[in-house]
Amino acid sequence: MRLALLSSRSSFLSRITATLSHQLPRTGPIAAGAAGAIRRTGPASIALISDQTRTPLVYATAFSSNRLYSTAIPTMAEHNIDTPAPAGFKKVTEGKATILFPDTNEVFYNPIQEFNRDISIAAIRTWDEIFQEERSARRAEKNARREANAAKRAQEGLEPLPEKEYPEGFDPNAPRGITILEALSASGLRSIRYAKEIPNVKHILTNDLEADAVNSIKRNADFNGISPDLLEPHKGDAIDVLYQHRDPLKRYDVIDLDPYGTASPFIDGAVQAVSDGGLLCVTCTDLGVLAGSNYTETCFAKYGGHPVKAEFCHEVALRLVLSTLSNSAARYKRHIVPLVSLSIDYYLRVFVRVYSSAAEVKMVASKTCLAYVCSGCQSTYTQSLGKVTVGPKGNKKFGVNTGPPVNETCEHCGGRFHVAGPMWGKELHSVPFIERMLKHVNDVSGSYKTEPRILGMLSVCKEEIEAPFYYTANGLSGTVHSTSIPLLKVISALLHQGYKVSGSHAAQGSIKTDAPPSAVWDVMRSWVKLNPVKNINAQSPAGKILAVEPKIIANFEMHPDAKSESRKNHLVRFQQNPTKNWGPQARAGGGNKRKADNDKIEEGAKEGKSLKVENDDDAKDGEPAEESRSS
């Protein structure tokens, strides 16, 4: 039996290794030479973790820092994908996890969300690499200061300071295992995948409010051979659980919020319960509220800002959620750094790091903006709420901005402006993080079923310029009632004028640019000169825009940078509808309110298809129940 110890100098771990090796069965895959690592899986347990499956093979309980009290080490049930499902259940395999899905739909499962879970695992693993590197750098810096102080004391003839003592078997320089809290777990599939596919996990608290869901979590964890010390099922209200972990000593390194509907009730607790520099993963599926214009009062109540009726409404939705996270964190002298912000299918998913810094909290107002959107031509202007003035010595002075940046009516079409926000006004992504994430996905190629889409979407995100919102070629053509202008011609015309241009992951055929609206409409005026339009009402937005001569005649010749790398490499940049009737799915429930069709469940599990979406009274009024779950 080969073992990879956390510390080769640890005599304590060596003794445990010998004990475990002595009591391991002499047959099966372990005896055949499967490598593993000793890992502390809880406050009173230790496990031998398989390098292949990332799951505990055996574990010991009741140990102190220098003594193993229990020599009776039970063998964990070996997970076998071929093990038949018990009566009343069907098996669903995703990634390295196989869960038992009840015939009665007591617990929610949506196969369309596999992309969400895949990209979450990739994001957490990438963040963990960075987190461990930062920790090692801080440790090295601390050691360097200690050595410098020791040298200084030696020169002064002083006695050296006593070294800090650690319990036997503890290596302060070893990688620290991470902790994860999944607040709304449902079947436990996400947490089980985290336990089996993220190498450095120490403990996962898998919570749900429903007793059926908690029973499902226990059943599925046991079916996958996962120790309860590694994955702890927990029944409780998600908000209460988050508030119970606000103490810095109780915080979790990663908090995952994946509700059915809005995440807003859980955000205040989450920004307090995540560790400093930790990762907060948030899903919102209530895009009827966030990206629509029929429930503006509901959006303001939940997210503190107004949405807008525009082509770029899904980017506004992302910025509203990030603003909610930022404002909630600021109340506790914390701030956020967005790593990846994604508009996906019928929901959005954001990954942000949370830090404690009173100085950075002062910047929140300048990172928050209002958007003025013309109701006629959708010309858009933004303005930050606060301003920061930097003095000659680098000192910062904070104040209130002046405005608005627009007149009462639009200068291009005469339309009136709608005000959207307040919302997040800075970058949606961290390009260095996305590059690390892309490298990780390529390094473990084949580990994620949705790998092509992950690579495609992340590549488009990496290419996005830091300019708010976007146009579409069809939208521009529709505004001036012209024949459709090819996307690459719009991009080329703007690039020839020296502006930055990219696409947006949030919409196919989108155009993000730092060009002002006047330059964009000059491009369309030039296009109409080449492709004349007839019978335009002079008082319409199109008539008023085309009545002005372009200041610059656009050059529509193909620009060498018009095609992005993701387009040249033919990556899966935008997903087509994966199945018929796909979508957010009906909530899990009992009684006669919703009954799952067994045949459809079985077919969907085998083929990756989703269940048919039924009408829901909550969905009709735009306010899904907040305690329902998606998995």
# chains A, B, ... in the order shown; residues from 1 in each chain; ligands from 1
>>> select_by_dssp(residues="range 191-384 of chain A", states="strand (DSSP E)", output="VMD selection string")
chain A and resid 201 to 208 231 to 235 252 to 257 274 to 284 334 to 344 347 to 356 368 to 374 380 to 384
>>> select_by_dssp(residues="range 141-275 of chain A", states="helix (DSSP H, G or I)", output="VMD selection string")
chain A and resid 141 to 155 189 to 197 211 to 223 238 to 243 264 to 273
>>> write_last_selection(atoms="N, CA and C atoms", output="short mmCIF file (atom, residue, chain, number, x, y, z; two decimals), in the first residue's frame")
data_model
loop_
_atom_site.label_atom_id
_atom_site.label_comp_id
_atom_site.auth_asym_id
_atom_site.auth_seq_id
_atom_site.Cartn_x
_atom_site.Cartn_y
_atom_site.Cartn_z
N GLU A 141 6.67 35.07 3.56
CA GLU A 141 6.96 36.45 3.98
C GLU A 141 7.11 36.53 5.49
N LYS A 142 6.26 35.81 6.19
CA LYS A 142 6.33 35.81 7.65
C LYS A 142 7.63 35.16 8.13
N ASN A 143 8.01 34.07 7.49
CA ASN A 143 9.27 33.40 7.86
C ASN A 143 10.47 34.30 7.59
N ALA A 144 10.39 35.04 6.46
CA ALA A 144 11.50 35.95 6.13
C ALA A 144 11.63 37.05 7.18
N ARG A 145 10.50 37.59 7.63
CA ARG A 145 10.55 38.61 8.67
C ARG A 145 11.09 38.04 9.98
N ARG A 146 10.68 36.82 10.29
CA ARG A 146 11.16 36.19 11.52
C ARG A 146 12.67 35.97 11.46
N GLU A 147 13.17 35.53 10.32
CA GLU A 147 14.62 35.31 10.17
C GLU A 147 15.38 36.62 10.25
N ALA A 148 14.80 37.69 9.65
CA ALA A 148 15.46 39.00 9.71
C ALA A 148 15.51 39.51 11.15
N ASN A 149 14.42 39.32 11.87
CA ASN A 149 14.41 39.75 13.27
C ASN A 149 15.39 38.94 14.11
N ALA A 150 15.50 37.63 13.82
CA ALA A 150 16.43 36.79 14.56
C ALA A 150 17.87 37.23 14.30
N ALA A 151 18.17 37.55 13.03
CA ALA A 151 19.52 38.01 12.69
C ALA A 151 19.84 39.33 13.38
N LYS A 152 18.85 40.20 13.44
CA LYS A 152 19.06 41.50 14.09
C LYS A 152 19.30 41.33 15.58
N ARG A 153 18.55 40.44 16.21
CA ARG A 153 18.74 40.19 17.64
C ARG A 153 20.11 39.56 17.91
N ALA A 154 20.53 38.69 16.99
CA ALA A 154 21.84 38.07 17.16
C ALA A 154 22.95 39.12 17.08
N GLN A 155 22.82 40.07 16.16
CA GLN A 155 23.82 41.13 16.03
C GLN A 155 23.87 42.00 17.28
N LEU A 189 -26.32 16.17 -4.70
CA LEU A 189 -25.47 15.87 -5.85
C LEU A 189 -24.28 16.82 -5.94
N ARG A 190 -24.54 18.11 -5.79
CA ARG A 190 -23.46 19.09 -5.92
C ARG A 190 -22.38 18.85 -4.88
N SER A 191 -22.78 18.67 -3.63
CA SER A 191 -21.79 18.44 -2.56
C SER A 191 -21.04 17.14 -2.76
N ILE A 192 -21.74 16.11 -3.22
CA ILE A 192 -21.07 14.83 -3.46
C ILE A 192 -20.03 14.98 -4.57
N ARG A 193 -20.37 15.71 -5.61
CA ARG A 193 -19.38 15.95 -6.66
C ARG A 193 -18.22 16.78 -6.13
N TYR A 194 -18.49 17.76 -5.29
CA TYR A 194 -17.41 18.54 -4.70
C TYR A 194 -16.48 17.62 -3.89
N ALA A 195 -17.07 16.72 -3.11
CA ALA A 195 -16.27 15.83 -2.27
C ALA A 195 -15.40 14.90 -3.11
N LYS A 196 -15.91 14.46 -4.25
CA LYS A 196 -15.20 13.47 -5.05
C LYS A 196 -14.31 14.07 -6.13
N GLU A 197 -14.55 15.32 -6.51
CA GLU A 197 -13.83 15.89 -7.65
C GLU A 197 -12.95 17.08 -7.31
N ALA A 211 -36.87 17.68 5.24
CA ALA A 211 -36.41 16.39 5.79
C ALA A 211 -36.16 15.38 4.68
N ASP A 212 -37.01 15.38 3.64
CA ASP A 212 -36.82 14.47 2.51
C ASP A 212 -35.47 14.72 1.84
N ALA A 213 -35.13 15.99 1.70
CA ALA A 213 -33.85 16.33 1.06
C ALA A 213 -32.67 15.86 1.91
N VAL A 214 -32.75 16.07 3.22
CA VAL A 214 -31.65 15.65 4.10
C VAL A 214 -31.50 14.13 4.08
N ASN A 215 -32.63 13.42 4.08
CA ASN A 215 -32.55 11.96 3.96
C ASN A 215 -31.91 11.55 2.64
N SER A 216 -32.23 12.30 1.58
CA SER A 216 -31.63 12.02 0.27
C SER A 216 -30.12 12.25 0.30
N ILE A 217 -29.70 13.32 0.97
CA ILE A 217 -28.27 13.62 1.08
C ILE A 217 -27.54 12.48 1.79
N LYS A 218 -28.11 12.03 2.91
CA LYS A 218 -27.48 10.93 3.65
C LYS A 218 -27.43 9.67 2.80
N ARG A 219 -28.54 9.37 2.14
CA ARG A 219 -28.61 8.16 1.31
C ARG A 219 -27.59 8.22 0.18
N ASN A 220 -27.48 9.35 -0.48
CA ASN A 220 -26.58 9.46 -1.62
C ASN A 220 -25.12 9.51 -1.19
N ALA A 221 -24.84 10.14 -0.06
CA ALA A 221 -23.46 10.15 0.44
C ALA A 221 -23.03 8.74 0.79
N ASP A 222 -23.90 7.99 1.43
CA ASP A 222 -23.59 6.61 1.78
C ASP A 222 -23.43 5.76 0.52
N PHE A 223 -24.28 5.98 -0.47
CA PHE A 223 -24.21 5.21 -1.72
C PHE A 223 -22.89 5.47 -2.44
N ALA A 238 -31.56 27.82 5.75
CA ALA A 238 -30.29 28.28 5.18
C ALA A 238 -29.84 29.61 5.78
N ILE A 239 -30.80 30.51 6.02
CA ILE A 239 -30.45 31.82 6.57
C ILE A 239 -29.89 31.65 7.98
N ASP A 240 -30.53 30.81 8.78
CA ASP A 240 -30.03 30.58 10.15
C ASP A 240 -28.63 29.96 10.12
N VAL A 241 -28.43 29.00 9.24
CA VAL A 241 -27.12 28.33 9.16
C VAL A 241 -26.03 29.33 8.79
N LEU A 242 -26.32 30.22 7.86
CA LEU A 242 -25.32 31.21 7.46
C LEU A 242 -25.00 32.16 8.61
N TYR A 243 -26.02 32.62 9.31
CA TYR A 243 -25.77 33.54 10.42
C TYR A 243 -25.03 32.86 11.57
N SER A 264 -31.49 36.49 -2.99
CA SER A 264 -31.39 37.70 -2.18
C SER A 264 -31.58 37.47 -0.68
N PRO A 265 -32.48 36.58 -0.21
CA PRO A 265 -32.61 36.41 1.24
C PRO A 265 -31.37 35.83 1.91
N PHE A 266 -30.51 35.19 1.14
CA PHE A 266 -29.36 34.48 1.72
C PHE A 266 -28.06 35.27 1.61
N ILE A 267 -28.09 36.38 0.88
CA ILE A 267 -26.84 37.08 0.57
C ILE A 267 -26.25 37.75 1.80
N ASP A 268 -27.08 38.35 2.64
CA ASP A 268 -26.56 39.05 3.81
C ASP A 268 -25.79 38.10 4.73
N GLY A 269 -26.34 36.92 4.96
CA GLY A 269 -25.64 35.95 5.78
C GLY A 269 -24.41 35.38 5.11
N ALA A 270 -24.48 35.20 3.78
CA ALA A 270 -23.37 34.58 3.06
C ALA A 270 -22.13 35.45 3.06
N VAL A 271 -22.30 36.78 2.87
CA VAL A 271 -21.12 37.65 2.83
C VAL A 271 -20.44 37.75 4.19
N GLN A 272 -21.16 37.38 5.25
CA GLN A 272 -20.55 37.38 6.59
C GLN A 272 -19.93 36.03 6.93
N ALA A 273 -20.48 34.95 6.35
CA ALA A 273 -20.05 33.61 6.74
C ALA A 273 -18.90 33.07 5.91
#
>>> residues_around(residues="range 536-538 of chain A", least_positions_apart="6", cutoff="12 Å", atoms="only C-alpha atoms", output="NGL selection string")
:A and (413-414 or 479-482 or 528 or 544-548)
>>> write_last_selection(atoms="C-alpha atoms", output="compact mmCIF listing (two decimals), in the first residue's frame")
# COMPACT_ATOMS: atom_id res chain seq x y z
CA CYS A 413 -33.61 60.26 -31.63
CA GLY A 414 -35.39 62.57 -29.21
CA THR A 479 -33.70 50.72 -35.08
CA VAL A 480 -32.95 52.35 -38.47
CA HIS A 481 -35.23 49.93 -40.42
CA SER A 482 -32.39 48.89 -42.73
CA VAL A 528 -27.87 53.02 -44.94
CA LYS A 544 -34.29 61.41 -36.66
CA ILE A 545 -31.10 59.33 -36.62
CA LEU A 546 -30.85 59.14 -40.43
CA ALA A 547 -31.62 62.85 -40.83
CA VAL A 548 -28.10 63.61 -39.55
>>> closest_residue(among="A:Gly278, A:Gly292, A:Gly95, A:Gly446", to="Asp256 in chain A", atoms="only C-alpha atoms")
A:Gly278
>>> residues_around(residues="range 429-433 of chain A", least_positions_apart="2", cutoff="8 Å", atoms="only C-alpha atoms", output="list of chain:residue names")
A:Thr126, A:Trp127, A:Pro338, A:Leu339, A:Val340, A:Ser341, A:Glu427, A:Glu435, A:Arg436, A:Met437, A:Cys461, A:Lys462
>>> closest_residue(among="A:Ser275, A:Ser136, A:Ser323, A:Ser447", to="His245 in chain A", atoms="only C-alpha atoms")
A:Ser275
>>> atom_distance(atom1="CA of Ser384 in chain A", atom2="CA of Ser366 in chain A")
5.4 Å
>>> closest_atom_pairs(of="range 361-386 of chain A", to="range 463-472 of chain A", cutoff="10 Å", atoms="only C-alpha atoms", output="JSON lines")
{"residue": "A:Ala371", "atom": "CA", "partner": "A:Pro468", "partner_atom": "CA", "distance": 9.4}
{"residue": "A:Gln378", "atom": "CA", "partner": "A:Tyr471", "partner_atom": "CA", "distance": 8.7}
{"residue": "A:Ser379", "atom": "CA", "partner": "A:Tyr471", "partner_atom": "CA", "distance": 9.2}
{"residue": "A:Thr380", "atom": "CA", "partner": "A:Phe469", "partner_atom": "CA", "distance": 8.3}
{"residue": "A:Tyr381", "atom": "CA", "partner": "A:Pro468", "partner_atom": "CA", "distance": 9.1}
{"residue": "A:Thr382", "atom": "CA", "partner": "A:Pro468", "partner_atom": "CA", "distance": 8.1}
>>> closest_residue(among="A:Val364, A:Ile204, A:Leu280, A:Ala420", to="Ala310 in chain A", atoms="only C-alpha atoms")
A:Ala420
>>> residues_around(residues="Leu318 in chain A", least_positions_apart="6", cutoff="12 Å", atoms="only C-alpha atoms", output="number ranges by chain")
A: 282-287, 290-291, 303, 305, 307, 312, 324-325, 338, 340-344, 347-351, 421, 423-429, 468-469, 505-506
>>> atom_distance(atom1="CA of Glu311 in chain A", atom2="CA of Ala507 in chain A")
8.6 Å
